[in-house]
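The file entry_20.cif comes next; it holds mmCIF, C-alpha atoms and all ligand atoms.
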```
data_input
loop_
_atom_site.label_atom_id
_atom_site.label_comp_id
_atom_site.auth_asym_id
_atom_site.auth_seq_id
_atom_site.Cartn_x
_atom_site.Cartn_y
_atom_site.Cartn_z
CA MET A 10 -1.91 26.06 6.80
CA ASN A 11 -4.08 23.38 8.39
CA ILE A 12 -5.43 20.73 6.03
CA LEU A 13 -8.41 18.56 6.98
CA ALA A 14 -8.40 15.35 4.94
CA PHE A 15 -10.71 12.37 4.49
CA GLU A 16 -10.09 8.82 3.31
CA SER A 17 -12.93 6.32 2.79
CA SER A 18 -11.97 4.32 -0.31
CA CYS A 19 -12.09 0.84 1.23
CA ASP A 20 -12.49 -0.47 4.79
CA GLU A 21 -10.98 2.35 6.84
CA THR A 22 -12.67 5.68 7.53
CA SER A 23 -10.06 8.29 8.35
CA ALA A 24 -9.99 12.01 9.10
CA SER A 25 -6.77 13.85 9.74
CA VAL A 26 -5.49 17.35 10.41
CA VAL A 27 -2.05 18.06 8.98
CA PHE A 28 -0.22 21.38 9.35
CA TYR A 29 2.10 22.64 6.62
CA ASP A 30 4.48 25.43 7.61
CA GLY A 31 5.75 26.18 4.10
CA GLU A 32 8.57 23.67 4.40
CA ARG A 33 7.39 20.56 6.18
CA PHE A 34 4.25 18.75 7.24
CA SER A 35 3.30 17.82 10.78
CA VAL A 36 0.50 15.41 11.53
CA LYS A 37 -1.69 16.95 14.25
CA SER A 38 -4.23 14.13 14.24
CA ASN A 39 -4.84 11.01 12.20
CA ILE A 40 -7.99 9.22 13.33
CA ILE A 41 -8.66 5.85 11.69
CA ALA A 42 -11.89 3.90 12.25
CA SER A 43 -11.15 0.42 10.99
CA GLN A 44 -13.92 -1.88 9.79
CA ILE A 45 -11.70 -4.96 9.73
CA GLU A 46 -13.60 -6.77 12.50
CA THR A 47 -16.90 -6.18 10.66
CA HIS A 48 -15.64 -7.66 7.39
CA ARG A 49 -13.56 -10.46 8.92
CA VAL A 50 -16.49 -12.87 9.28
CA PHE A 51 -17.00 -12.62 5.49
CA GLY A 52 -13.30 -13.17 4.72
CA GLY A 53 -13.08 -9.91 2.75
CA VAL A 54 -14.60 -6.44 2.33
CA VAL A 55 -18.36 -6.35 1.65
CA PRO A 56 -18.84 -3.07 -0.27
CA GLU A 57 -22.35 -2.21 0.93
CA ILE A 58 -21.41 -2.85 4.56
CA ALA A 59 -18.31 -0.69 4.06
CA SER A 60 -20.38 2.26 2.75
CA ARG A 61 -22.77 2.06 5.70
CA ALA A 62 -19.94 1.86 8.21
CA HIS A 63 -18.25 4.93 6.63
CA THR A 64 -21.54 6.83 6.88
CA GLU A 65 -21.86 5.93 10.55
CA ALA A 66 -18.26 6.85 11.40
CA ILE A 67 -17.42 9.95 9.40
CA SER A 68 -19.01 12.72 11.52
CA ARG A 69 -17.66 11.26 14.75
CA ILE A 70 -14.11 10.88 13.48
CA THR A 71 -14.15 14.40 12.02
CA TYR A 72 -14.94 15.83 15.48
CA GLU A 73 -12.25 13.57 16.93
CA ALA A 74 -9.67 14.69 14.35
CA LEU A 75 -10.39 18.39 15.00
CA ASP A 76 -10.47 17.93 18.79
CA SER A 77 -7.29 15.97 19.06
CA ALA A 78 -5.50 18.45 16.76
CA GLY A 79 -6.75 21.26 19.03
CA VAL A 80 -8.35 23.19 16.14
CA THR A 81 -11.83 24.15 14.92
CA LEU A 82 -13.16 24.40 11.38
CA ALA A 83 -12.26 28.12 11.46
CA ASP A 84 -8.58 27.07 11.54
CA ILE A 85 -8.86 24.86 8.44
CA SER A 86 -7.58 26.34 5.14
CA LEU A 87 -8.03 23.31 2.90
CA VAL A 88 -10.24 20.22 2.71
CA ALA A 89 -8.82 17.19 0.85
CA VAL A 90 -10.62 13.96 0.05
CA THR A 91 -9.86 10.67 -1.70
CA ALA A 92 -12.02 10.70 -4.85
CA ASN A 93 -10.62 7.62 -6.69
CA PRO A 94 -9.86 4.73 -7.11
CA GLY A 95 -11.72 2.46 -4.70
CA LEU A 96 -15.16 1.10 -3.86
CA ILE A 97 -17.56 3.60 -5.38
CA GLY A 98 -20.11 3.55 -2.56
CA ALA A 99 -17.35 3.92 0.02
CA LEU A 100 -15.66 6.79 -1.85
CA LEU A 101 -18.97 8.64 -2.24
CA VAL A 102 -19.36 8.87 1.54
CA GLY A 103 -16.08 10.77 1.94
CA VAL A 104 -16.53 12.86 -1.20
CA ASN A 105 -20.05 14.02 -0.32
CA PHE A 106 -19.12 14.72 3.29
CA ALA A 107 -16.04 16.71 2.27
CA LYS A 108 -17.95 18.62 -0.40
CA ALA A 109 -20.69 19.64 2.02
CA LEU A 110 -18.23 20.59 4.75
CA ALA A 111 -16.08 22.66 2.38
CA ALA A 112 -19.07 24.43 0.79
CA ALA A 113 -20.80 25.18 4.11
CA ASN A 114 -17.62 26.65 5.59
CA GLY A 115 -16.22 28.38 2.48
CA ILE A 116 -13.04 26.26 2.48
CA PRO A 117 -11.31 25.24 -0.77
CA LEU A 118 -11.69 21.55 -1.69
CA VAL A 119 -9.23 19.27 -3.49
CA ALA A 120 -9.72 15.73 -4.80
CA VAL A 121 -6.90 13.26 -4.21
CA ASP A 122 -6.04 10.06 -6.06
CA HIS A 123 -5.67 7.28 -3.45
CA ILE A 124 -2.40 5.98 -4.92
CA LYS A 125 -0.79 9.44 -5.07
CA GLY A 126 -2.01 9.73 -1.48
CA HIS A 127 -0.19 6.55 -0.46
CA ILE A 128 3.03 7.82 -2.06
CA ALA A 129 2.53 11.22 -0.37
CA ALA A 130 2.83 9.48 3.02
CA ALA A 131 6.57 9.72 2.28
CA TYR A 132 6.33 13.55 2.38
CA LEU A 133 5.48 13.19 6.07
CA LEU A 134 8.95 11.73 6.77
CA ASP A 135 11.55 14.02 8.37
CA LYS A 136 13.53 13.77 5.14
CA ALA A 137 10.95 13.92 2.33
CA PRO A 138 11.57 12.78 -1.27
CA LYS A 139 11.54 15.40 -4.00
CA PRO A 140 10.23 14.63 -7.51
CA PRO A 141 11.21 13.37 -9.96
CA PHE A 142 11.39 9.92 -8.32
CA LEU A 143 10.23 6.37 -8.94
CA ALA A 144 7.32 5.19 -6.83
CA LEU A 145 6.21 1.66 -6.01
CA ALA A 146 2.63 1.30 -4.80
CA VAL A 147 1.92 -2.07 -3.20
CA SER A 148 -1.53 -2.45 -1.68
CA GLY A 149 -4.67 -4.56 -1.66
CA GLY A 150 -5.63 -3.21 -5.09
CA HIS A 151 -2.35 -2.12 -6.68
CA THR A 152 1.11 -3.36 -7.58
CA ALA A 153 2.52 -0.67 -9.79
CA ILE A 154 5.68 1.28 -10.52
CA TYR A 155 5.30 4.97 -11.37
CA LEU A 156 7.47 7.76 -12.61
CA ALA A 157 6.51 10.76 -10.48
CA GLU A 158 7.53 13.69 -12.67
CA SER A 159 6.22 16.23 -10.20
CA HIS A 160 4.16 16.06 -7.00
CA THR A 161 1.03 15.78 -9.14
CA ASP A 162 2.11 14.34 -12.52
CA TYR A 163 2.53 10.58 -12.53
CA LYS A 164 3.13 8.07 -15.32
CA ILE A 165 2.67 4.35 -14.90
CA ILE A 166 5.74 2.39 -16.04
CA GLY A 167 4.84 -1.10 -14.77
CA THR A 168 1.80 -2.72 -13.23
CA THR A 169 0.13 -6.01 -12.45
CA ARG A 170 -1.87 -7.41 -15.32
CA ASP A 171 -4.31 -9.11 -12.94
CA ASP A 172 -4.26 -9.49 -9.13
CA ALA A 173 -2.49 -7.12 -6.76
CA ILE A 174 0.20 -8.35 -4.35
CA GLY A 175 -1.88 -7.55 -1.22
CA GLU A 176 -4.94 -9.24 -2.65
CA SER A 177 -2.85 -12.35 -3.36
CA PHE A 178 -1.54 -12.42 0.25
CA ASP A 179 -5.11 -12.03 1.48
CA LYS A 180 -6.51 -14.80 -0.74
CA ILE A 181 -3.78 -17.38 -0.15
CA GLY A 182 -3.60 -16.41 3.53
CA ARG A 183 -7.30 -17.09 3.89
CA ILE A 184 -6.86 -20.62 2.48
CA ILE A 185 -4.12 -21.43 4.98
CA GLY A 186 -6.19 -20.10 7.86
CA ILE A 187 -4.96 -16.54 8.43
CA PRO A 188 -7.80 -14.13 9.31
CA TYR A 189 -8.57 -11.20 6.96
CA PRO A 190 -6.62 -9.12 6.07
CA ALA A 191 -3.93 -11.77 5.94
CA GLY A 192 -0.92 -9.61 4.99
CA ARG A 193 0.50 -9.09 8.46
CA GLY A 194 -0.13 -12.68 9.57
CA PHE A 195 1.48 -13.89 6.33
CA ASP A 196 4.51 -11.73 7.04
CA GLU A 197 4.92 -13.23 10.53
CA LEU A 198 4.33 -16.82 9.33
CA SER A 199 6.94 -16.30 6.60
CA THR A 200 9.49 -15.06 9.14
CA ARG A 201 9.04 -18.30 11.08
CA GLY A 202 9.39 -20.21 7.78
CA PHE A 203 12.62 -18.43 6.80
CA ILE A 204 14.07 -19.07 10.27
CA LYS A 205 13.05 -22.72 10.10
CA ALA A 206 14.52 -23.12 6.59
CA THR A 207 17.88 -21.50 7.33
CA GLY A 208 18.36 -21.97 11.08
CA GLU A 209 19.23 -18.24 11.21
CA LYS A 210 17.37 -15.79 13.46
CA THR A 211 18.45 -12.60 11.68
CA ASP A 212 20.12 -12.94 8.31
CA PHE A 213 17.62 -15.54 7.07
CA TYR A 214 16.34 -13.98 3.85
CA SER A 215 19.68 -13.86 2.02
CA LYS A 216 20.48 -17.44 3.08
CA TYR A 217 17.07 -18.84 2.12
CA LYS A 218 17.93 -19.67 -1.51
CA LYS A 219 20.68 -22.05 -0.35
CA SER A 220 18.39 -23.91 2.08
CA ALA A 221 17.02 -27.43 1.53
CA ALA A 222 13.50 -25.97 1.89
CA TYR A 223 14.06 -23.77 -1.17
CA LYS A 224 15.30 -26.75 -3.17
CA ASP A 225 12.23 -28.84 -2.23
CA LYS A 226 10.57 -29.45 -5.64
CA SER A 227 7.12 -30.06 -4.13
CA MET A 228 7.10 -26.40 -3.04
CA THR A 229 8.09 -24.81 -6.36
CA LEU A 230 6.16 -21.65 -7.29
CA PRO A 231 6.47 -19.44 -10.39
CA SER A 232 7.75 -15.87 -10.33
CA PRO A 233 5.07 -13.19 -10.77
CA ALA A 234 7.62 -10.97 -12.59
CA LEU A 235 6.88 -11.03 -16.32
CA ALA A 236 9.80 -11.94 -18.54
CA GLY A 237 11.37 -9.51 -20.99
CA ASP A 238 11.64 -5.72 -20.95
CA SER A 239 8.23 -5.08 -19.43
CA LEU A 240 8.06 -3.89 -15.82
CA ASP A 241 4.74 -5.72 -15.37
CA PHE A 242 3.66 -8.46 -12.96
CA SER A 243 1.11 -11.27 -12.90
CA PHE A 244 0.16 -12.23 -9.37
CA SER A 245 -2.75 -14.36 -10.50
CA GLY A 246 -0.29 -16.93 -11.95
CA LEU A 247 1.48 -17.20 -8.58
CA LYS A 248 -1.84 -17.42 -6.76
CA THR A 249 -3.18 -20.21 -9.03
CA ALA A 250 0.06 -22.19 -8.73
CA ALA A 251 -0.11 -21.82 -4.93
CA ILE A 252 -3.72 -23.05 -4.86
CA ASN A 253 -2.73 -26.06 -7.00
CA LEU A 254 0.18 -26.77 -4.64
CA LEU A 255 -2.17 -26.67 -1.64
CA HIS A 256 -4.64 -29.01 -3.43
CA ARG A 257 -1.86 -31.46 -4.32
CA HIS A 258 -0.80 -31.65 -0.69
CA GLU A 259 -4.38 -32.16 0.43
CA GLN A 260 -5.07 -34.88 -2.15
CA SER A 261 -1.91 -36.82 -1.42
CA GLY A 262 -2.49 -36.57 2.33
CA ILE A 263 0.91 -34.92 2.88
CA ALA A 264 0.65 -32.37 5.70
CA LEU A 265 1.70 -28.93 4.55
CA ASP A 266 4.22 -26.98 6.58
CA THR A 267 2.44 -23.60 6.39
CA GLU A 268 5.49 -21.73 7.69
CA LEU A 269 7.73 -23.06 4.91
CA PHE A 270 4.95 -22.53 2.36
CA ALA A 271 4.39 -18.91 3.45
CA ALA A 272 8.15 -18.27 3.28
CA ARG A 273 8.30 -19.65 -0.27
CA TYR A 274 5.30 -17.60 -1.38
CA THR A 275 6.65 -14.41 0.19
CA PHE A 276 10.08 -15.03 -1.33
CA GLU A 277 8.66 -15.33 -4.89
CA ALA A 278 6.47 -12.23 -4.41
CA VAL A 279 9.26 -10.11 -2.92
CA GLU A 280 11.90 -11.27 -5.43
CA ALA A 281 9.58 -10.38 -8.33
CA VAL A 282 9.09 -6.86 -7.00
CA ALA A 283 12.84 -6.52 -6.34
CA LYS A 284 13.62 -7.71 -9.89
CA LYS A 285 11.33 -5.19 -11.57
CA ILE A 286 12.40 -2.39 -9.23
CA GLY A 287 16.02 -3.21 -10.03
CA GLU A 288 15.23 -2.92 -13.75
CA ALA A 289 13.33 0.34 -13.22
CA LEU A 290 16.22 1.85 -11.23
CA THR A 291 18.62 0.81 -14.00
CA LYS A 292 16.36 2.43 -16.59
CA TYR A 293 16.21 5.67 -14.57
CA PRO A 294 19.75 5.95 -13.17
CA GLU A 295 19.21 9.38 -11.61
CA LEU A 296 16.13 8.60 -9.58
CA ASP A 297 15.46 7.60 -5.98
CA LEU A 298 12.62 5.31 -4.92
CA VAL A 299 9.51 5.71 -2.77
CA MET A 300 7.60 2.61 -1.65
CA ALA A 301 4.13 2.97 -0.15
CA GLY A 302 0.77 1.24 0.39
CA GLY A 303 -0.42 -1.41 2.85
CA VAL A 304 2.08 -4.05 1.65
CA ALA A 305 4.95 -1.58 2.19
CA ALA A 306 4.56 -2.69 5.83
CA ASN A 307 5.89 -6.13 4.83
CA SER A 308 9.13 -6.68 6.74
CA HIS A 309 10.75 -8.84 4.03
CA LEU A 310 9.92 -6.42 1.22
CA ARG A 311 11.19 -3.46 3.28
CA ALA A 312 14.46 -5.24 4.03
CA ARG A 313 14.94 -6.50 0.45
CA LEU A 314 14.37 -3.09 -1.17
CA THR A 315 16.49 -1.35 1.46
CA ASP A 316 19.34 -3.70 0.54
CA LEU A 317 18.74 -3.28 -3.22
CA CYS A 318 18.71 0.52 -3.03
CA ARG A 319 21.84 0.57 -0.90
CA ARG A 320 23.63 -1.60 -3.47
CA MET A 321 22.36 0.54 -6.36
CA ASN A 322 23.32 3.69 -4.48
CA ARG A 323 19.82 5.19 -4.34
CA ASN A 324 17.80 6.67 -1.55
CA LEU A 325 14.74 4.68 -0.52
CA PHE A 326 11.83 6.44 1.18
CA ILE A 327 9.30 4.24 3.00
CA PRO A 328 6.63 5.69 5.31
CA PRO A 329 6.55 4.32 8.87
CA ILE A 330 4.30 1.27 9.22
CA SER A 331 1.60 3.41 10.88
CA LEU A 332 1.26 5.43 7.64
CA CYS A 333 1.47 2.52 5.14
CA GLY A 334 -2.19 1.51 5.45
CA ASP A 335 -5.08 3.77 4.47
CA ASN A 336 -5.13 7.03 6.43
CA GLY A 337 -6.18 10.66 6.12
CA ALA A 338 -2.74 12.18 6.79
CA MET A 339 -1.33 10.93 3.48
CA ILE A 340 -4.36 12.41 1.68
CA ALA A 341 -3.70 15.77 3.36
CA ALA A 342 -0.08 15.77 2.13
CA GLN A 343 -1.08 15.04 -1.47
CA GLY A 344 -3.98 17.49 -1.09
CA TYR A 345 -1.53 20.29 -0.38
CA TYR A 346 0.31 19.67 -3.67
CA GLU A 347 -2.94 19.39 -5.65
CA TYR A 348 -3.95 22.75 -4.19
CA LYS A 349 -0.56 24.26 -5.03
CA ALA A 350 -0.92 23.01 -8.62
CA GLY A 351 -4.32 24.72 -8.85
CA ASN A 352 -6.33 21.50 -8.95
CA VAL A 353 -9.20 22.85 -6.87
CA SER A 354 -12.61 21.13 -7.09
CA ASP A 355 -16.11 22.51 -6.78
CA SER A 356 -19.45 20.99 -5.87
CA SER A 357 -19.52 19.08 -9.16
CA LEU A 358 -16.77 16.76 -7.83
CA ASN A 359 -17.72 13.10 -8.17
CA ALA A 360 -16.07 9.91 -6.99
CA SER A 361 -14.74 7.29 -9.40
CA ALA A 362 -13.83 3.64 -8.89
CA LEU A 363 -11.14 3.92 -11.55
CA ASP A 364 -7.43 4.72 -11.58
CA SER A 365 -6.57 8.19 -12.80
CA ILE A 366 -2.88 7.51 -13.45
CA THR A 367 -2.14 6.05 -16.88
O1 LIG A 401 -3.13 0.26 1.24
P1 LIG A 401 -4.04 -0.64 1.96
O2 LIG A 401 -4.28 -0.39 3.44
O3 LIG A 401 -5.44 -0.70 1.28
C1 LIG A 401 -5.58 -0.64 -0.12
O4 LIG A 401 -5.48 0.48 -0.67
O5 LIG A 401 -5.71 -1.73 -0.70
O6 LIG A 401 -3.46 -2.12 1.77
C2 LIG A 401 -4.07 -3.22 2.35
C3 LIG A 401 -3.27 -4.46 2.01
C4 LIG A 401 -3.99 -5.75 2.41
O7 LIG A 401 -3.95 -6.63 1.31
C5 LIG A 401 -3.13 -6.26 3.57
O8 LIG A 401 -3.17 -7.67 3.72
C6 LIG A 401 -1.76 -5.78 3.16
O9 LIG A 401 -2.00 -4.46 2.71
N1 LIG A 401 -0.77 -5.75 4.26
C7 LIG A 401 0.37 -6.49 4.23
C8 LIG A 401 1.03 -6.25 5.47
N2 LIG A 401 0.27 -5.37 6.19
C9 LIG A 401 -0.84 -5.08 5.43
N3 LIG A 401 0.86 -7.31 3.29
C10 LIG A 401 2.03 -7.92 3.56
N4 LIG A 401 2.72 -7.75 4.71
C11 LIG A 401 2.27 -6.93 5.68
N5 LIG A 401 2.98 -6.76 6.82
ZN ZN A 402 -4.78 2.00 0.15
#
```
Can you dump the structure from the file as structure tokens?
Amino acid sequence: MNILAFESSCDETSASVVFYDGERFSVKSNIIASQIETHRVFGGVVPEIASRAHTEAISRITYEALDSAGVTLADISLVAVTANPGLIGALLVGVNFAKALAAANGIPLVAVDHIKGHIAAAYLLDKAPKPPFLALAVSGGHTAIYLAESHTDYKIIGTTRDDAIGESFDKIGRIIGIPYPAGRGFDELSTRGFIKATGEKTDFYSKYKKSAAYKDKSMTLPSPALAGDSLDFSFSGLKTAAINLLHRHEQSGIALDTELFAARYTFEAVEAVAKKIGEALTKYPELDLVMAGGVAANSHLRARLTDLCRRMNRNLFIPPISLCGDNGAMIAAQGYYEYKAGNVSDSSLNASALDSIT
């Protein structure tokens, strides 16, 4: 079956056609209209501008998605759309468009949770994970660990109590001069920092803790992993400490080495995630791990969790970088399983800014 899926929860409008042959998915088209340039001058996403840009883009990218997949609406058996969580005005554009298109063409419609969508990007891999598994969602709005009991039933087992990891990279990155969204630039700056700290071009992350840069007290930052049994995080504590560190440097006139600073910040963020994932894998000794979301593109996090899972003898499924950010193909994959579970929507479907997984 061909699935036509829409994603418009934040600053990317995407339409995708994905074919499911009963065993595996193949992405026939995955058109993404990014609004990053539009929002960059403001240093972050402006919700009203995002909604307008989605409205302007959605028809065009739907034609593009159908054309480049070589299909027409007559070939589409299912329409899937992100209905929550996200910016409400942005979500409404996709939901209303998908509802109208499905109703006018007599095609079944399914609503998809954005986070389940991110995780479903892993179903597009040649070797797809099978539930039950543990899932880590790391994005601009989420830092959470889930128990995926089935393709559609999720339980949250750990989450951030305040900021998300991606949001914290974006905010601190902005202060040190990285354009929005800062995640990728932060990743690259950190790599240079790790290399500078250790003198190693490849195996720098594991050697970092022994470096003089790590022992430099003026660069100390707290771990965002909460102490105790909880699998929760607090990225706002790390962010505030980083802002104070930057202020201290400014006030004392000491020039900050942004590469070493970025490396330190990334190290604390990645180690916190690795710590809680290690605890989650210990708690669920039978389960493999899926990592997804925009921050799953982070090279240090990918390498650290790959190493952790290898040592703990678990499989780790991470979508390719091209499917880590927001896209329609991941929504199509989750849409298929929602359809299979009978979660079909009608014209009363509404968008919601809120998480649906508890
Ligand atoms: O999943 P996503 O595209 O949108 C949300 O659902 O939030 O995630 C966007 C986030 C942004 O915070 C962006 O800075 C971050 O993913 N990101 C990265 C990297 N690439 C994107 N963060 C760290 N390292 C990266 N390489
Ligand atoms: Zn996302």
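Between atom CA of Thr267 of chain A and atom C1 of ligand LIG 401 (chain A) lies a distance of 25.2 Å.
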All residues having an atom within 7 Å of ligand LIG 401 (chain A) (only C-alpha atoms and all ligand atoms) as a PDB file with C-alpha atoms, keeping the file's coordinate frame:
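And here's pocket08.pdb as it stands now:
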```pdb
ATOM      1  CA  CYS A  19     -12.090   0.840   1.230  1.00  0.00           C
ATOM      2  CA  SER A 148      -1.530  -2.450  -1.680  1.00  0.00           C
ATOM      3  CA  GLY A 149      -4.670  -4.560  -1.660  1.00  0.00           C
ATOM      4  CA  GLY A 150      -5.630  -3.210  -5.090  1.00  0.00           C
ATOM      5  CA  HIS A 151      -2.350  -2.120  -6.680  1.00  0.00           C
ATOM      6  CA  GLY A 175      -1.880  -7.550  -1.220  1.00  0.00           C
ATOM      7  CA  GLU A 176      -4.940  -9.240  -2.650  1.00  0.00           C
ATOM      8  CA  PHE A 178      -1.540 -12.420   0.250  1.00  0.00           C
ATOM      9  CA  ASP A 179      -5.110 -12.030   1.480  1.00  0.00           C
ATOM     10  CA  PRO A 190      -6.620  -9.120   6.070  1.00  0.00           C
ATOM     11  CA  ALA A 191      -3.930 -11.770   5.940  1.00  0.00           C
ATOM     12  CA  GLY A 192      -0.920  -9.610   4.990  1.00  0.00           C
ATOM     13  CA  ARG A 193       0.500  -9.090   8.460  1.00  0.00           C
ATOM     14  CA  PHE A 195       1.480 -13.890   6.330  1.00  0.00           C
ATOM     15  CA  ASP A 196       4.510 -11.730   7.040  1.00  0.00           C
ATOM     16  CA  GLY A 302       0.770   1.240   0.390  1.00  0.00           C
ATOM     17  CA  GLY A 303      -0.420  -1.410   2.850  1.00  0.00           C
ATOM     18  CA  VAL A 304       2.080  -4.050   1.650  1.00  0.00           C
ATOM     19  CA  ALA A 305       4.950  -1.580   2.190  1.00  0.00           C
ATOM     20  CA  ALA A 306       4.560  -2.690   5.830  1.00  0.00           C
ATOM     21  CA  ASN A 307       5.890  -6.130   4.830  1.00  0.00           C
ATOM     22  CA  SER A 308       9.130  -6.680   6.740  1.00  0.00           C
ATOM     23  CA  CYS A 333       1.470   2.520   5.140  1.00  0.00           C
ATOM     24  CA  GLY A 334      -2.190   1.510   5.450  1.00  0.00           C
ATOM     25  CA  ASP A 335      -5.080   3.770   4.470  1.00  0.00           C
TER      26      ASP A 335
END
```
Which residue of A:Ala250, A:Ile340, A:Leu325, A:Ala283 approaches ligand ZN 402 (chain A) most closely, using only C-alpha atoms and all ligand atoms: A:Ile340
Compute the distance from (-10.0, 0.6, 11.6) to each atom, counting all atoms listed in the file, keep the residues with any atom at most 8 Å away, and return them as a PyMOL selection string; use the coordinates of the file. chain A and resi 20-22+41-45
Provide the atom CA of Leu230 of chain A to atom CA of Gly167 of chain A distance in Å, to one decimal place. 21.9 Å
I need every residue sitting at most 10 Å from the point (-9.3, 22.1, -3.2) (coordinates as in the file, only C-alpha atoms considered), written as a PyMOL selection string. chain A and resi 86-90+108+111+116-121+344-349+351-355
Between A:Phe15, A:Tyr189, A:Tyr132, A:Phe242, which is the closest to Phe106 of chain A once you count all atoms listed in the file?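 Of all the options, A:Phe15 lies closest to Phe106 of chain A.
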Using the structure just given, write a file holding N, CA and C atoms for segment 160-175 of chain A, as a PDB file, in the first residue's frame.
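Saved to result38.pdb:
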```pdb
ATOM      1  N   HIS A 160       3.833  -1.449  18.540  1.00  0.00           N
ATOM      2  CA  HIS A 160       4.099  -0.331  17.616  1.00  0.00           C
ATOM      3  C   HIS A 160       3.309   0.917  17.995  1.00  0.00           C
ATOM      4  N   THR A 161       2.222   0.744  18.737  1.00  0.00           N
ATOM      5  CA  THR A 161       1.367   1.900  19.042  1.00  0.00           C
ATOM      6  C   THR A 161       1.240   2.208  20.541  1.00  0.00           C
ATOM      7  N   ASP A 162       1.612   1.264  21.399  1.00  0.00           N
ATOM      8  CA  ASP A 162       1.467   1.486  22.850  1.00  0.00           C
ATOM      9  C   ASP A 162       2.805   1.826  23.486  1.00  0.00           C
ATOM     10  N   TYR A 163       2.909   3.058  23.957  1.00  0.00           N
ATOM     11  CA  TYR A 163       4.144   3.550  24.558  1.00  0.00           C
ATOM     12  C   TYR A 163       3.891   3.970  25.996  1.00  0.00           C
ATOM     13  N   LYS A 164       4.922   3.763  26.838  1.00  0.00           N
ATOM     14  CA  LYS A 164       4.894   4.274  28.218  1.00  0.00           C
ATOM     15  C   LYS A 164       6.150   5.089  28.423  1.00  0.00           C
ATOM     16  N   ILE A 165       6.009   6.218  29.106  1.00  0.00           N
ATOM     17  CA  ILE A 165       7.187   7.042  29.354  1.00  0.00           C
ATOM     18  C   ILE A 165       7.871   6.517  30.622  1.00  0.00           C
ATOM     19  N   ILE A 166       9.187   6.276  30.565  1.00  0.00           N
ATOM     20  CA  ILE A 166       9.859   5.784  31.779  1.00  0.00           C
ATOM     21  C   ILE A 166      10.910   6.772  32.304  1.00  0.00           C
ATOM     22  N   GLY A 167      11.181   7.814  31.522  1.00  0.00           N
ATOM     23  CA  GLY A 167      12.102   8.865  31.981  1.00  0.00           C
ATOM     24  C   GLY A 167      11.960  10.055  31.056  1.00  0.00           C
ATOM     25  N   THR A 168      12.091  11.252  31.620  1.00  0.00           N
ATOM     26  CA  THR A 168      11.931  12.432  30.762  1.00  0.00           C
ATOM     27  C   THR A 168      12.635  13.633  31.375  1.00  0.00           C
ATOM     28  N   THR A 169      12.776  14.702  30.603  1.00  0.00           N
ATOM     29  CA  THR A 169      13.342  15.903  31.180  1.00  0.00           C
ATOM     30  C   THR A 169      12.263  16.608  31.994  1.00  0.00           C
ATOM     31  N   ARG A 170      12.699  17.172  33.099  1.00  0.00           N
ATOM     32  CA  ARG A 170      11.720  17.875  33.948  1.00  0.00           C
ATOM     33  C   ARG A 170      11.567  19.315  33.497  1.00  0.00           C
ATOM     34  N   ASP A 171      12.427  19.759  32.569  1.00  0.00           N
ATOM     35  CA  ASP A 171      12.347  21.163  32.121  1.00  0.00           C
ATOM     36  C   ASP A 171      12.729  21.251  30.648  1.00  0.00           C
ATOM     37  N   ASP A 172      13.931  21.744  30.340  1.00  0.00           N
ATOM     38  CA  ASP A 172      14.317  21.936  28.930  1.00  0.00           C
ATOM     39  C   ASP A 172      14.638  20.605  28.256  1.00  0.00           C
ATOM     40  N   ALA A 173      14.531  20.612  26.925  1.00  0.00           N
ATOM     41  CA  ALA A 173      14.943  19.441  26.141  1.00  0.00           C
ATOM     42  C   ALA A 173      16.406  19.622  25.730  1.00  0.00           C
ATOM     43  N   ILE A 174      17.054  18.509  25.400  1.00  0.00           N
ATOM     44  CA  ILE A 174      18.482  18.548  25.037  1.00  0.00           C
ATOM     45  C   ILE A 174      18.725  19.425  23.806  1.00  0.00           C
ATOM     46  N   GLY A 175      17.868  19.304  22.779  1.00  0.00           N
ATOM     47  CA  GLY A 175      18.061  20.082  21.548  1.00  0.00           C
ATOM     48  C   GLY A 175      17.882  21.572  21.790  1.00  0.00           C
TER      49      GLY A 175
END
```
